[in-house]
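target_23.txt, holding compact mmCIF, C-alpha atoms:
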```txt
# COMPACT_ATOMS: atom_id res chain seq x y z
CA MET A 1 36.71 -35.34 -5.99
CA ASP A 2 39.93 -33.57 -6.88
CA LEU A 3 41.83 -33.92 -3.61
CA LEU A 4 45.09 -32.72 -5.12
CA GLY A 5 43.33 -29.65 -6.49
CA ASP A 6 41.72 -28.88 -3.13
CA ILE A 7 45.04 -29.30 -1.34
CA GLY A 8 46.71 -27.03 -3.89
CA GLN A 9 44.11 -24.28 -3.40
CA ALA A 10 44.40 -24.56 0.39
CA ASP A 11 48.18 -24.29 0.18
CA GLN A 12 47.87 -21.26 -2.10
CA LEU A 13 45.44 -19.59 0.32
CA THR A 14 47.74 -20.26 3.27
CA SER A 15 50.69 -18.91 1.33
CA THR A 16 48.76 -15.77 0.36
CA ARG A 17 47.71 -15.16 3.96
CA THR A 18 51.28 -15.57 5.16
CA GLU A 19 52.51 -13.18 2.48
CA ASN A 20 49.80 -10.69 3.41
CA LYS A 21 50.89 -10.77 7.08
CA VAL A 22 54.47 -10.12 6.03
CA LEU A 23 53.37 -7.19 3.86
CA GLN A 24 51.24 -5.74 6.67
CA ALA A 25 54.20 -5.92 9.04
CA LYS A 26 56.34 -4.19 6.43
CA VAL A 27 53.72 -1.45 5.99
CA LYS A 28 53.67 -0.85 9.76
CA GLU A 29 57.46 -0.70 9.79
CA LEU A 30 57.52 1.78 6.90
CA THR A 31 54.76 3.87 8.51
CA VAL A 32 56.82 4.22 11.65
CA ARG A 33 59.82 5.18 9.55
CA VAL A 34 57.78 7.81 7.70
CA HIS A 35 56.77 9.39 11.01
CA GLU A 36 60.40 9.35 12.14
CA LEU A 37 61.51 11.02 8.91
CA LYS A 38 58.80 13.66 9.24
CA ALA A 39 59.95 14.43 12.77
CA GLU A 40 63.55 14.67 11.57
CA ASN A 41 62.41 16.94 8.74
CA GLU A 42 60.69 19.31 11.16
CA ALA A 43 63.82 19.41 13.30
CA LEU A 44 65.91 20.22 10.24
CA LYS A 45 63.50 23.01 9.28
CA ALA A 46 63.89 24.53 12.72
CA GLU A 47 67.68 24.26 12.41
CA VAL A 48 67.57 25.94 8.99
CA GLU A 49 65.54 28.79 10.48
CA LEU A 50 68.24 29.29 13.10
CA TYR A 51 70.94 29.35 10.41
CA ARG A 52 68.94 31.87 8.41
CA LYS A 53 68.55 34.07 11.46
CA ASP A 54 72.26 33.81 12.29
CA TYR A 55 73.10 34.64 8.68
CA ALA A 56 70.88 37.72 8.71
CA SER A 57 72.32 38.81 12.06
CA SER A 58 75.88 38.48 10.83
CA ARG A 59 75.12 40.57 7.75
CA ILE A 60 73.52 43.33 9.80
CA SER A 61 76.33 43.28 12.36
CA SER A 62 79.05 43.42 9.71
CA SER A 63 77.36 46.22 7.79
CA VAL A 64 76.99 48.30 10.96
CA GLY A 65 80.59 47.53 11.92
CA ASP A 66 81.78 48.77 8.53
CA GLU A 67 80.09 52.07 9.24
CA GLY A 68 81.85 52.30 12.60
CA GLY A 69 78.59 52.21 14.50
CA GLY A 70 79.93 50.11 17.36
CA GLU A 71 76.92 48.17 18.69
CA SER A 72 75.04 46.21 16.05
CA LYS A 73 71.50 46.99 14.95
CA GLU A 74 70.52 43.53 16.12
CA ALA A 75 71.39 44.48 19.69
CA LEU A 76 69.43 47.72 19.44
CA VAL A 77 66.16 46.07 18.44
CA ASP A 78 63.79 44.97 21.20
CA ASP A 79 62.42 41.62 20.08
CA GLY A 80 59.94 41.49 22.96
CA ALA A 81 61.04 37.99 23.93
CA ASP A 82 61.09 39.01 27.62
CA ASP A 83 57.29 39.06 27.52
CA PHE A 84 57.37 35.26 27.25
CA VAL A 85 60.06 34.40 29.77
CA THR A 86 57.59 33.28 32.45
CA SER A 87 55.35 30.31 31.75
CA GLY A 88 51.60 30.75 31.73
CA ASN A 89 49.61 30.77 34.96
CA GLY A 90 47.71 27.60 34.05
CA LEU A 91 44.46 29.51 33.55
CA TYR A 92 42.92 28.62 30.20
CA PRO A 93 39.63 27.05 29.06
CA SER A 94 39.70 23.26 29.30
CA ASP A 95 36.14 22.43 30.31
CA PRO A 96 33.79 21.55 27.40
CA ALA A 97 30.89 23.11 29.25
CA VAL A 98 28.52 23.16 26.26
CA THR A 99 28.15 20.71 23.39
CA LEU A 100 25.75 21.67 20.62
CA PRO A 101 25.14 18.47 18.63
CA HIS A 102 24.38 18.54 14.91
CA ILE A 103 24.60 22.31 14.86
CA HIS A 104 24.05 22.16 11.07
CA ALA A 105 21.96 18.97 11.09
CA THR A 106 23.75 16.40 8.88
CA ALA A 107 26.14 18.94 7.33
CA ASN A 108 29.61 19.78 8.60
CA PRO A 109 30.17 23.11 10.35
CA LEU A 110 33.06 24.97 8.70
CA CYS A 111 33.63 28.05 10.87
CA CYS A 112 32.66 29.67 14.14
CA THR A 113 32.89 32.99 15.96
CA LEU A 114 31.59 34.61 19.15
CA HIS A 115 29.80 37.93 19.53
CA PRO A 116 31.92 40.56 21.32
CA ASP A 117 29.77 40.09 24.44
CA ASP A 118 30.05 36.26 24.11
CA SER A 119 26.26 35.84 24.14
CA LEU A 120 25.91 34.61 20.56
CA LEU A 121 27.71 31.81 18.76
CA ALA A 122 27.71 32.06 14.97
CA THR A 123 28.57 29.03 12.87
CA GLY A 124 28.74 28.62 9.12
CA GLY A 125 28.15 25.27 7.47
CA ALA A 126 28.47 23.24 4.32
CA ASP A 127 24.66 23.44 4.17
CA SER A 128 25.02 27.12 3.12
CA ASN A 129 23.42 28.31 6.36
CA LEU A 130 24.68 30.75 8.96
CA LYS A 131 23.34 29.91 12.42
CA LEU A 132 23.05 32.21 15.43
CA CYS A 133 22.80 30.34 18.72
CA ARG A 134 22.36 31.62 22.27
CA TRP A 135 24.66 28.93 23.65
CA GLY A 136 24.20 30.03 27.27
CA SER A 137 20.77 28.38 27.40
CA ALA A 138 22.52 25.02 26.94
CA LEU A 139 24.06 25.41 30.40
CA ALA A 140 20.67 24.56 31.95
CA PRO A 141 20.53 21.11 33.60
CA GLY A 142 19.70 18.14 31.39
CA ASP A 143 20.90 16.90 28.02
CA ALA A 144 17.78 18.29 26.35
CA SER A 145 18.95 21.88 26.94
CA SER A 146 21.69 21.56 24.32
CA VAL A 147 19.30 20.15 21.74
CA LYS A 148 16.81 22.91 22.55
CA ALA A 149 19.50 25.60 22.10
CA VAL A 150 20.27 24.20 18.65
CA ASP A 151 16.58 23.97 17.73
CA GLU A 152 16.02 27.60 18.76
CA SER A 153 18.97 28.88 16.72
CA ILE A 154 18.23 31.36 13.97
CA ILE A 155 19.01 29.94 10.52
CA ILE A 156 20.16 32.43 7.90
CA PRO A 157 20.41 31.01 4.34
CA CYS A 158 23.43 32.43 2.48
CA GLY A 159 23.19 30.58 -0.85
CA ALA A 160 26.62 28.88 -0.69
CA PRO A 161 28.78 27.01 1.84
CA ILE A 162 30.21 29.41 4.42
CA ILE A 163 33.99 29.31 4.85
CA CYS A 164 34.45 32.07 7.44
CA CYS A 165 32.32 34.30 9.63
CA ALA A 166 32.92 37.26 11.96
CA PHE A 167 30.92 39.66 14.13
CA ALA A 168 31.54 43.38 13.83
CA GLN A 169 33.63 44.61 16.75
CA VAL A 170 32.37 47.03 19.38
CA ASN A 171 34.58 50.00 20.20
CA ARG A 172 34.31 53.50 21.58
CA GLY A 173 30.74 52.86 22.67
CA ARG A 174 29.55 52.13 19.14
CA GLY A 175 27.93 48.84 18.32
CA LEU A 176 27.18 47.49 14.87
CA PRO A 177 24.63 44.63 14.92
CA VAL A 178 26.13 42.85 11.92
CA VAL A 179 27.70 39.45 11.34
CA ALA A 180 29.57 38.75 8.09
CA ALA A 181 29.81 35.41 6.28
CA GLY A 182 32.38 34.65 3.57
CA CYS A 183 31.03 32.14 1.09
CA MET A 184 32.24 29.59 -1.44
CA ASP A 185 30.64 31.53 -4.32
CA GLY A 186 32.85 34.57 -3.64
CA SER A 187 30.20 36.59 -1.84
CA VAL A 188 30.31 38.13 1.63
CA LYS A 189 26.83 38.25 3.12
CA LEU A 190 26.00 40.68 5.93
CA ALA A 191 23.25 39.69 8.35
CA TYR A 192 21.44 41.48 11.16
CA CYS A 193 22.25 40.17 14.65
CA GLY A 194 20.84 42.82 16.96
CA LEU A 195 19.52 42.18 20.44
CA GLU A 196 15.96 42.27 19.11
CA MET A 197 16.23 38.68 17.94
CA ASP A 198 12.60 38.76 16.79
CA ALA A 199 13.20 41.62 14.36
CA PRO A 200 13.19 40.51 11.65
CA LYS A 201 11.70 37.15 12.64
CA GLU A 202 12.64 35.04 9.63
CA GLY A 203 16.30 34.15 9.13
CA ARG A 204 16.19 34.82 5.40
CA LEU A 205 15.07 38.41 6.09
CA ARG A 206 18.17 39.00 8.19
CA ILE A 207 20.39 39.16 5.08
CA LEU A 208 20.98 42.88 4.58
CA LYS A 209 20.61 44.41 1.14
CA SER A 210 23.12 47.09 0.26
CA ASP A 211 23.39 50.03 -2.09
CA LEU A 212 26.39 48.49 -3.87
CA GLU A 213 26.09 47.41 -7.48
CA ASN A 214 25.22 43.76 -6.81
CA GLY A 215 22.69 44.69 -4.13
CA TYR A 216 23.81 42.04 -1.66
CA GLY A 217 27.05 43.05 -0.05
CA ILE A 218 30.51 42.19 -1.32
CA LYS A 219 31.44 39.98 -4.26
CA HIS A 220 34.78 38.46 -5.27
CA GLY A 221 35.69 36.48 -8.39
CA LYS A 222 36.52 33.29 -6.46
CA TYR A 223 35.71 31.85 -3.05
CA VAL A 224 36.37 33.93 0.03
CA LYS A 225 39.43 32.80 2.00
CA THR A 226 39.05 34.93 5.10
CA ILE A 227 37.36 38.01 6.55
CA CYS A 228 38.13 40.28 9.51
CA TRP A 229 36.83 43.49 11.08
CA SER A 230 38.82 46.52 12.14
CA PRO A 231 38.83 46.83 15.96
CA SER A 232 38.31 50.60 15.83
CA GLU A 233 36.15 51.38 12.80
CA PRO A 234 33.23 49.59 11.10
CA ILE A 235 35.50 48.40 8.28
CA LEU A 236 35.35 44.84 6.99
CA ALA A 237 38.26 43.26 5.08
CA SER A 238 37.52 40.33 2.79
CA ALA A 239 40.13 38.29 0.92
CA SER A 240 39.63 35.89 -1.95
CA ALA A 241 41.38 33.08 -3.79
CA ASP A 242 41.38 35.40 -6.83
CA GLY A 243 44.07 37.53 -5.15
CA THR A 244 41.82 40.45 -4.23
CA VAL A 245 41.24 42.17 -0.91
CA GLN A 246 38.42 44.62 -0.40
CA LEU A 247 38.12 47.00 2.54
CA THR A 248 34.48 47.99 2.96
CA SER A 249 33.07 50.59 5.33
CA VAL A 250 29.79 49.39 6.85
CA GLY A 251 27.37 52.16 7.74
CA SER A 252 23.93 52.35 9.25
CA VAL A 253 21.67 49.30 9.50
CA ASP A 254 17.88 49.37 9.10
CA SER A 255 16.59 46.13 10.63
CA GLU A 256 13.01 46.76 9.54
CA ALA A 257 13.91 47.29 5.89
CA SER A 258 16.80 44.79 6.07
CA THR A 259 19.23 47.24 4.48
CA VAL A 260 22.78 48.36 5.19
CA SER A 261 24.90 51.18 3.83
CA LEU A 262 28.24 50.09 2.33
CA LYS A 263 31.17 51.99 0.84
CA VAL A 264 34.30 50.50 -0.72
CA VAL A 265 37.30 52.05 1.03
CA GLN A 266 40.07 50.26 -0.85
CA SER A 267 40.54 47.43 -3.33
CA MET A 268 43.85 45.57 -3.54
CA HIS A 269 45.05 43.12 -6.17
CA PHE A 270 47.82 40.57 -5.59
CA ASP A 271 49.53 37.96 -7.78
CA GLY A 272 48.54 35.11 -5.48
CA ALA A 273 45.71 34.09 -3.19
CA VAL A 274 45.47 36.08 0.05
CA GLU A 275 45.57 33.33 2.65
CA SER A 276 45.43 35.27 5.93
CA MET A 277 45.09 38.83 7.22
CA CYS A 278 44.36 40.99 10.24
CA PHE A 279 44.27 44.59 11.49
CA VAL A 280 46.96 45.84 13.88
CA ASN A 281 47.89 49.13 15.55
CA ASN A 282 44.29 49.76 16.63
CA GLY A 283 43.07 49.23 13.08
CA ASN A 284 45.41 51.77 11.48
CA ILE A 285 47.52 49.07 9.83
CA PHE A 286 46.26 46.25 7.63
CA CYS A 287 48.46 43.15 7.45
CA CYS A 288 48.19 40.20 5.08
CA TYR A 289 50.05 37.18 3.71
CA VAL A 290 49.92 36.32 0.00
CA ARG A 291 50.69 32.75 -1.08
CA GLY A 292 54.06 32.40 -2.76
CA THR A 293 55.62 35.37 -0.97
CA SER A 294 58.29 35.27 1.73
CA TYR A 295 57.06 38.26 3.73
CA LEU A 296 54.11 39.86 5.47
CA SER A 297 52.70 42.98 3.83
CA TYR A 298 51.74 45.91 6.08
CA PHE A 299 49.56 48.71 4.70
CA ASP A 300 49.27 52.04 6.52
CA LEU A 301 45.63 53.04 6.16
CA LYS A 302 46.41 56.54 7.47
CA ASP A 303 49.08 57.09 4.82
CA GLY A 304 47.42 56.17 1.54
CA CYS A 305 47.87 52.42 2.12
CA LYS A 306 51.65 52.79 1.94
CA GLN A 307 53.12 49.27 1.89
CA SER A 308 56.04 47.87 3.87
CA LYS A 309 57.28 44.28 3.84
CA MET A 310 58.62 42.22 6.70
CA SER A 311 60.53 39.07 5.85
CA LEU A 312 59.51 35.73 7.30
CA ASN A 313 63.16 34.64 7.23
CA GLY A 314 64.50 36.72 10.08
CA GLY A 315 65.86 39.61 8.05
CA ALA A 316 64.57 42.70 6.29
CA ALA A 317 62.95 41.85 2.95
CA GLY A 318 65.44 42.14 0.14
CA ASN A 319 68.53 41.44 2.27
CA GLY A 320 70.07 37.99 2.09
CA CYS A 321 69.87 34.95 -0.13
CA PHE A 322 67.13 33.29 1.91
CA ASP A 323 64.59 36.06 1.49
CA GLU A 324 63.00 34.92 -1.75
CA HIS A 325 61.54 31.67 -0.44
CA VAL A 326 59.89 30.13 2.59
CA SER A 327 58.94 26.49 3.05
CA PHE A 328 55.43 27.25 4.30
CA ALA A 329 52.29 29.28 3.76
CA ILE A 330 50.57 31.21 6.56
CA LEU A 331 46.93 30.12 6.63
CA SER A 332 45.86 31.87 9.82
CA LEU A 333 47.16 35.15 11.26
CA LEU A 334 45.99 36.69 14.55
CA PRO A 335 47.21 39.59 16.71
CA SER A 336 47.75 38.98 20.42
CA PRO A 337 45.32 40.54 22.93
CA ASN A 338 47.73 43.44 23.51
CA GLY A 339 48.46 43.75 19.78
CA GLU A 340 52.21 43.47 20.21
CA TYR A 341 52.56 40.05 18.58
CA LEU A 342 51.20 38.07 15.68
CA ALA A 343 50.51 34.34 15.81
CA ALA A 344 50.84 32.51 12.50
CA ALA A 345 49.59 29.01 11.67
CA THR A 346 51.31 27.37 8.70
CA ASP A 347 50.83 24.35 6.46
CA SER A 348 54.16 22.84 7.55
CA SER A 349 53.37 21.59 11.09
CA ARG A 350 54.66 24.81 12.55
CA ASN A 351 53.05 27.75 14.32
CA PHE A 352 55.11 30.76 15.34
CA ILE A 353 54.92 34.09 17.17
CA MET A 354 56.27 37.30 15.61
CA LYS A 355 56.77 40.77 16.99
CA THR A 356 54.17 42.92 15.21
CA GLY A 357 55.61 45.17 12.53
CA THR A 358 59.03 43.51 12.61
CA ASP A 359 60.74 40.46 11.15
CA ARG A 360 61.46 39.01 14.60
CA ILE A 361 60.18 35.48 15.26
CA VAL A 362 60.24 35.04 19.04
CA ARG A 363 58.78 31.53 19.39
CA ASN A 364 58.30 28.44 17.20
CA LEU A 365 55.58 25.99 18.23
CA TYR A 366 55.72 22.35 17.10
CA GLY A 367 54.20 19.00 18.04
CA HIS A 368 51.13 18.97 15.78
CA LYS A 369 50.71 18.09 12.10
CA ASN A 370 49.45 20.25 9.23
CA ASP A 371 50.34 20.13 5.55
CA GLY A 372 49.16 21.73 2.32
CA PHE A 373 45.86 19.84 2.45
CA SER A 374 45.03 20.87 6.01
CA ASN A 375 43.15 23.79 7.48
CA PRO A 376 45.28 25.09 10.38
CA LYS A 377 43.53 27.41 12.83
CA ILE A 378 44.78 29.22 15.92
CA ALA A 379 43.43 31.37 18.75
CA TRP A 380 45.01 33.29 21.61
CA SER A 381 44.06 32.91 25.26
CA SER A 382 42.66 36.11 26.74
CA ASN A 383 45.81 36.56 28.87
CA GLY A 384 48.10 36.17 25.85
CA GLN A 385 50.10 33.36 27.47
CA TYR A 386 48.68 30.42 25.55
CA LEU A 387 47.89 29.57 21.94
CA TYR A 388 45.22 27.12 20.82
CA GLY A 389 45.52 25.19 17.56
CA ASN A 390 44.27 22.18 15.64
CA SER A 391 45.99 19.30 13.86
CA GLN A 392 45.06 17.21 10.87
CA ASP A 393 45.96 13.86 12.45
CA GLU A 394 44.31 14.25 15.87
CA ASN A 395 40.74 15.22 16.74
CA CYS A 396 41.74 17.65 19.45
CA VAL A 397 42.54 21.24 20.36
CA TYR A 398 46.18 21.76 21.30
CA VAL A 399 47.19 24.25 23.99
CA TRP A 400 50.73 25.66 23.78
CA ASP A 401 52.45 27.52 26.58
CA ILE A 402 54.16 30.22 24.51
CA ALA A 403 57.01 30.88 26.96
CA SER A 404 58.23 27.27 26.97
CA ALA A 405 57.02 26.60 23.39
CA SER A 406 55.57 23.33 24.69
CA ILE A 407 52.19 21.64 24.46
CA VAL A 408 50.63 21.70 27.93
CA LYS A 409 47.28 20.15 27.04
CA ARG A 410 45.49 18.20 24.32
CA LEU A 411 41.76 18.78 24.61
CA ASP A 412 40.51 15.55 23.05
CA LYS A 413 37.64 13.11 23.34
CA SER A 414 38.86 11.86 26.72
CA ASP A 415 38.33 15.41 28.03
CA GLY A 416 34.85 15.61 26.52
CA GLY A 417 36.22 17.07 23.31
CA HIS A 418 35.50 16.39 19.66
CA SER A 419 35.47 13.00 17.97
CA GLY A 420 36.14 14.42 14.51
CA PHE A 421 38.61 16.79 12.87
CA VAL A 422 38.51 20.25 14.47
CA ARG A 423 37.70 22.65 11.64
CA ASP A 424 37.78 26.02 13.42
CA ILE A 425 38.64 27.61 16.78
CA TYR A 426 37.70 31.02 18.11
CA SER A 427 38.70 32.64 21.41
CA SER A 428 36.83 35.48 23.09
CA ARG A 429 38.74 38.74 23.24
CA SER A 430 37.48 39.57 26.71
CA THR A 431 36.79 36.34 28.61
CA ASP A 432 38.16 32.83 29.00
CA THR A 433 35.71 31.39 26.47
CA VAL A 434 36.70 29.32 23.44
CA ALA A 435 34.42 28.01 20.68
CA SER A 436 35.24 25.16 18.34
CA VAL A 437 33.48 23.27 15.55
CA SER A 438 34.29 19.86 14.18
CA PHE A 439 33.48 17.33 11.51
CA ASP A 440 31.73 15.36 14.25
CA LYS A 441 28.92 17.85 13.42
CA ALA A 442 29.11 19.50 16.86
CA ALA A 443 30.04 22.91 18.20
CA LYS A 444 31.60 23.20 21.64
CA ILE A 445 32.05 26.03 24.11
CA TRP A 446 35.10 25.63 26.34
CA LEU A 447 35.19 27.45 29.69
CA ARG A 448 37.86 27.74 32.32
CA ASP A 449 37.63 24.94 34.85
CA MET A 450 36.99 26.59 38.19
```

As structure tokens - that is how I would like this structure written.
Amino acid sequence: MDLLGDIGQADQLTSTRTENKVLQAKVKELTVRVHELKAENEALKAEVELYRKDYASSRISSSVGDEGGGESKEALVDDGADDFVTSGNGLYPSDPAVTLPHIHATANPLCCTLHPDDSLLATGGADSNLKLCRWGSALAPGDASSVKAVDESIIIPCGAPIICCAFAQVNRGRGLPVVAAGCMDGSVKLAYCGLEMDAPKEGRLRILKSDLENGYGIKHGKYVKTICWSPSEPILASASADGTVQLTSVGSVDSEASTVSLKVVQSMHFDGAVESMCFVNNGNIFCCYVRGTSYLSYFDLKDGCKQSKMSLNGGAAGNGCFDEHVSFAILSLLPSPNGEYLAAATDSSRNFIMKTGTDRIVRNLYGHKNDGFSNPKIAWSSNGQYLYGNSQDENCVYVWDIASASIVKRLDKSDGGHSGFVRDIYSSRSTDTVASVSFDKAAKIWLRDM
């Protein structure tokens, strides 16, 4: 028996364990320091934004003063900040009234949206299926009601993972029974979602064939980043990683023949990927953000798509040394319920509120975490006082009070929320109803706690 050898091995093992404990303590110490540095970095970014704004203001003021104009342009512009002086009334959805487990079986749900009348929840999944669920039936007593609602959902195969989905909007008494799904293969599939849920009966027959060249809706060269509908006309905008945006007019739908009439209204081509977009001014203006740019692009659809640019640096595009660069990309862009503001979610742990059609940033919202590898999503409350958002390091939905720019609630697992990363959030335009999907495989419907 080699006692000396055994003792030597034991000593070496003890030494290694001790060294490992020291290294683990060092890792924890460095991790804390990294978080501190990240917080300091965010504070510095906010300070830089203030300096940029002050710089732009001073340039405008001095140029107006040189012309003998007296009061500066800055003072003459209404930034709308008074709309957010008073904190919210505390009325926002916080009750996870419905949980739809395994909405896409073992696959992750990637997106969600609600029908304009809130009756239908549409979710798109990594399983390449679009699902239409009457979530209200899950409000019946008993846990089995949620499972039954999922089982009775209509499954519509789309041929590729679905990144984004959206119902056509209802306006001026006209309804279009169509839901759109933007897919990983660059296609945008249109599916029938009329009240006659039995016509057609099979989910695969709900995909609407079109009279366009490819026969099945819209096709981009790379995966679809985002889609949105005009609030006033049956026009669908689709944006792709290949830098293209297509505005498509959607006409009559024949549910029996599973056909739809489509017409390309406008095609746009950009140097970078179109990350986010929306319609404003009652659908007359199309707005989008292109990766690598330092401004929002506005296109007047009533004036030959005439373009105007609004800087994201607090000054008119082209004026000032800060205008050629921003330290973030806008990955989600949504107009407020009254259309007067835009909410932007970025990949730099910052959300902000802008006055629509201007360069004025009226609120910056911090406290969450999102970087270039994240998928930031936002949604407005129906009263326009709160903003919902996700974070890559917490499995929760954040609620910001816009007036105070503070987080008033984290809807997490302790509140009956998700146990996995929240992939998408959607808020009803007419009621206090919020939908969310997560990598815990579930979809949730949040209602206002009465």

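CA of Leu296 in chain A sits 25.0 Å away from CA of Gln392 in chain A.
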
*So what do you get for CA of Met268 in chain A versus CA of Cys228 in chain A, distance-wise?*
15.2 Å

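Counting from CA of Phe421 in chain A, the distance to CA of Ile407 in chain A is 18.5 Å.
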
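Minimum atom-to-atom distances from A:Tyr92, A:Phe84, A:Phe270, A:Trp229 to Ser427 in chain A were compared using all atoms listed in the file, and the lowest value belongs to A:Tyr92.
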
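Counting all atoms listed in the file and comparing A:Ala97, A:Ala168, A:Leu387, A:Ala122, the residue that lies closest to Pro234 in chain A is A:Ala168.
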
_Local residues around (33.6, 34.9, 7.0), at most 8 Å away, using all atoms listed in the file, as an MDAnalysis selection string_ = chainID A and resid 111 162:166 180:183 188 224:228 238

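All protein and nucleic acid residues in the vicinity of (25.8, 23.2, 5.3), that is within 8 Å when counting only C-alpha atoms, are His104, Thr106, Ala107, Asn108, Pro109, Gly124, Gly125, Ala126, Asp127, Ser128, Asn129, Pro161 and Ile162 of chain A.
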
*asked:* Using only C-alpha atoms for the distances, tell me which of A:Asp300, A:Asp401, A:Glu152, A:Asp347 is nearest to Leu100 in chain A.
replied: A:Glu152

*Might you pull out every residue within 8 Å of range 415-420 of chain A, with only C-alpha atoms counted and same-chain residues fewer than 5 positions away left off, and present them as number ranges by chain?*
A: 95-96, 395-396, 438-440, 442, 444

*Quick one: everything within 10 Å of Ile235 in chain A, counting all atoms listed in the file, minus sequence neighbours fewer than 2 positions away in the same chain. Send it as a PyMOL selection string.*
chain A and resi 168-169+228-233+237-238+246-251+262-265+283

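Of the residues under consideration (A:Ser252, A:Ser146, A:Thr123, A:Ser332), A:Ser252 shows the shortest atom-to-atom contact distance to Leu176 in chain A when counting only C-alpha atoms.
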
*Compile the contact shell of Ser276 in chain A as JSON, numbers by chain: residues with an atom at most 8 Å away, counting only C-alpha atoms, same-chain residues fewer than 3 positions apart removed.*
{"A": [225, 226, 239, 288, 289, 290, 330, 331, 332, 333]}

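In this comparison, which uses all atoms listed in the file, the residue of A:Asn364, A:Ser261, A:Arg448, A:Pro177 approaching Lys209 in chain A most closely is A:Ser261.
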
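Of the residues listed (A:Trp380, A:Ala273, A:Ala344, A:Val245), A:Val245 shows the shortest atom-to-atom separation from Phe299 in chain A; distances use only C-alpha atoms.
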
Find the spatial neighbours of Gly272 in chain A, counting all atoms listed in the file, within a cut-off of 9 Å - ignore same-chain residues fewer than 3 positions away - and output them as a PDB file with C-alpha atoms, in the frame of the given file.
```pdb
ATOM      1  CA  ALA A 241      41.380  33.080  -3.790  1.00  0.00           C
ATOM      2  CA  ASP A 242      41.380  35.400  -6.830  1.00  0.00           C
ATOM      3  CA  GLY A 243      44.070  37.530  -5.150  1.00  0.00           C
ATOM      4  CA  THR A 244      41.820  40.450  -4.230  1.00  0.00           C
ATOM      5  CA  HIS A 269      45.050  43.120  -6.170  1.00  0.00           C
ATOM      6  CA  GLU A 275      45.570  33.330   2.650  1.00  0.00           C
ATOM      7  CA  VAL A 290      49.920  36.320   0.000  1.00  0.00           C
ATOM      8  CA  ARG A 291      50.690  32.750  -1.080  1.00  0.00           C
ATOM      9  CA  GLY A 292      54.060  32.400  -2.760  1.00  0.00           C
ATOM     10  CA  THR A 293      55.620  35.370  -0.970  1.00  0.00           C
TER      11      THR A 293
END
```
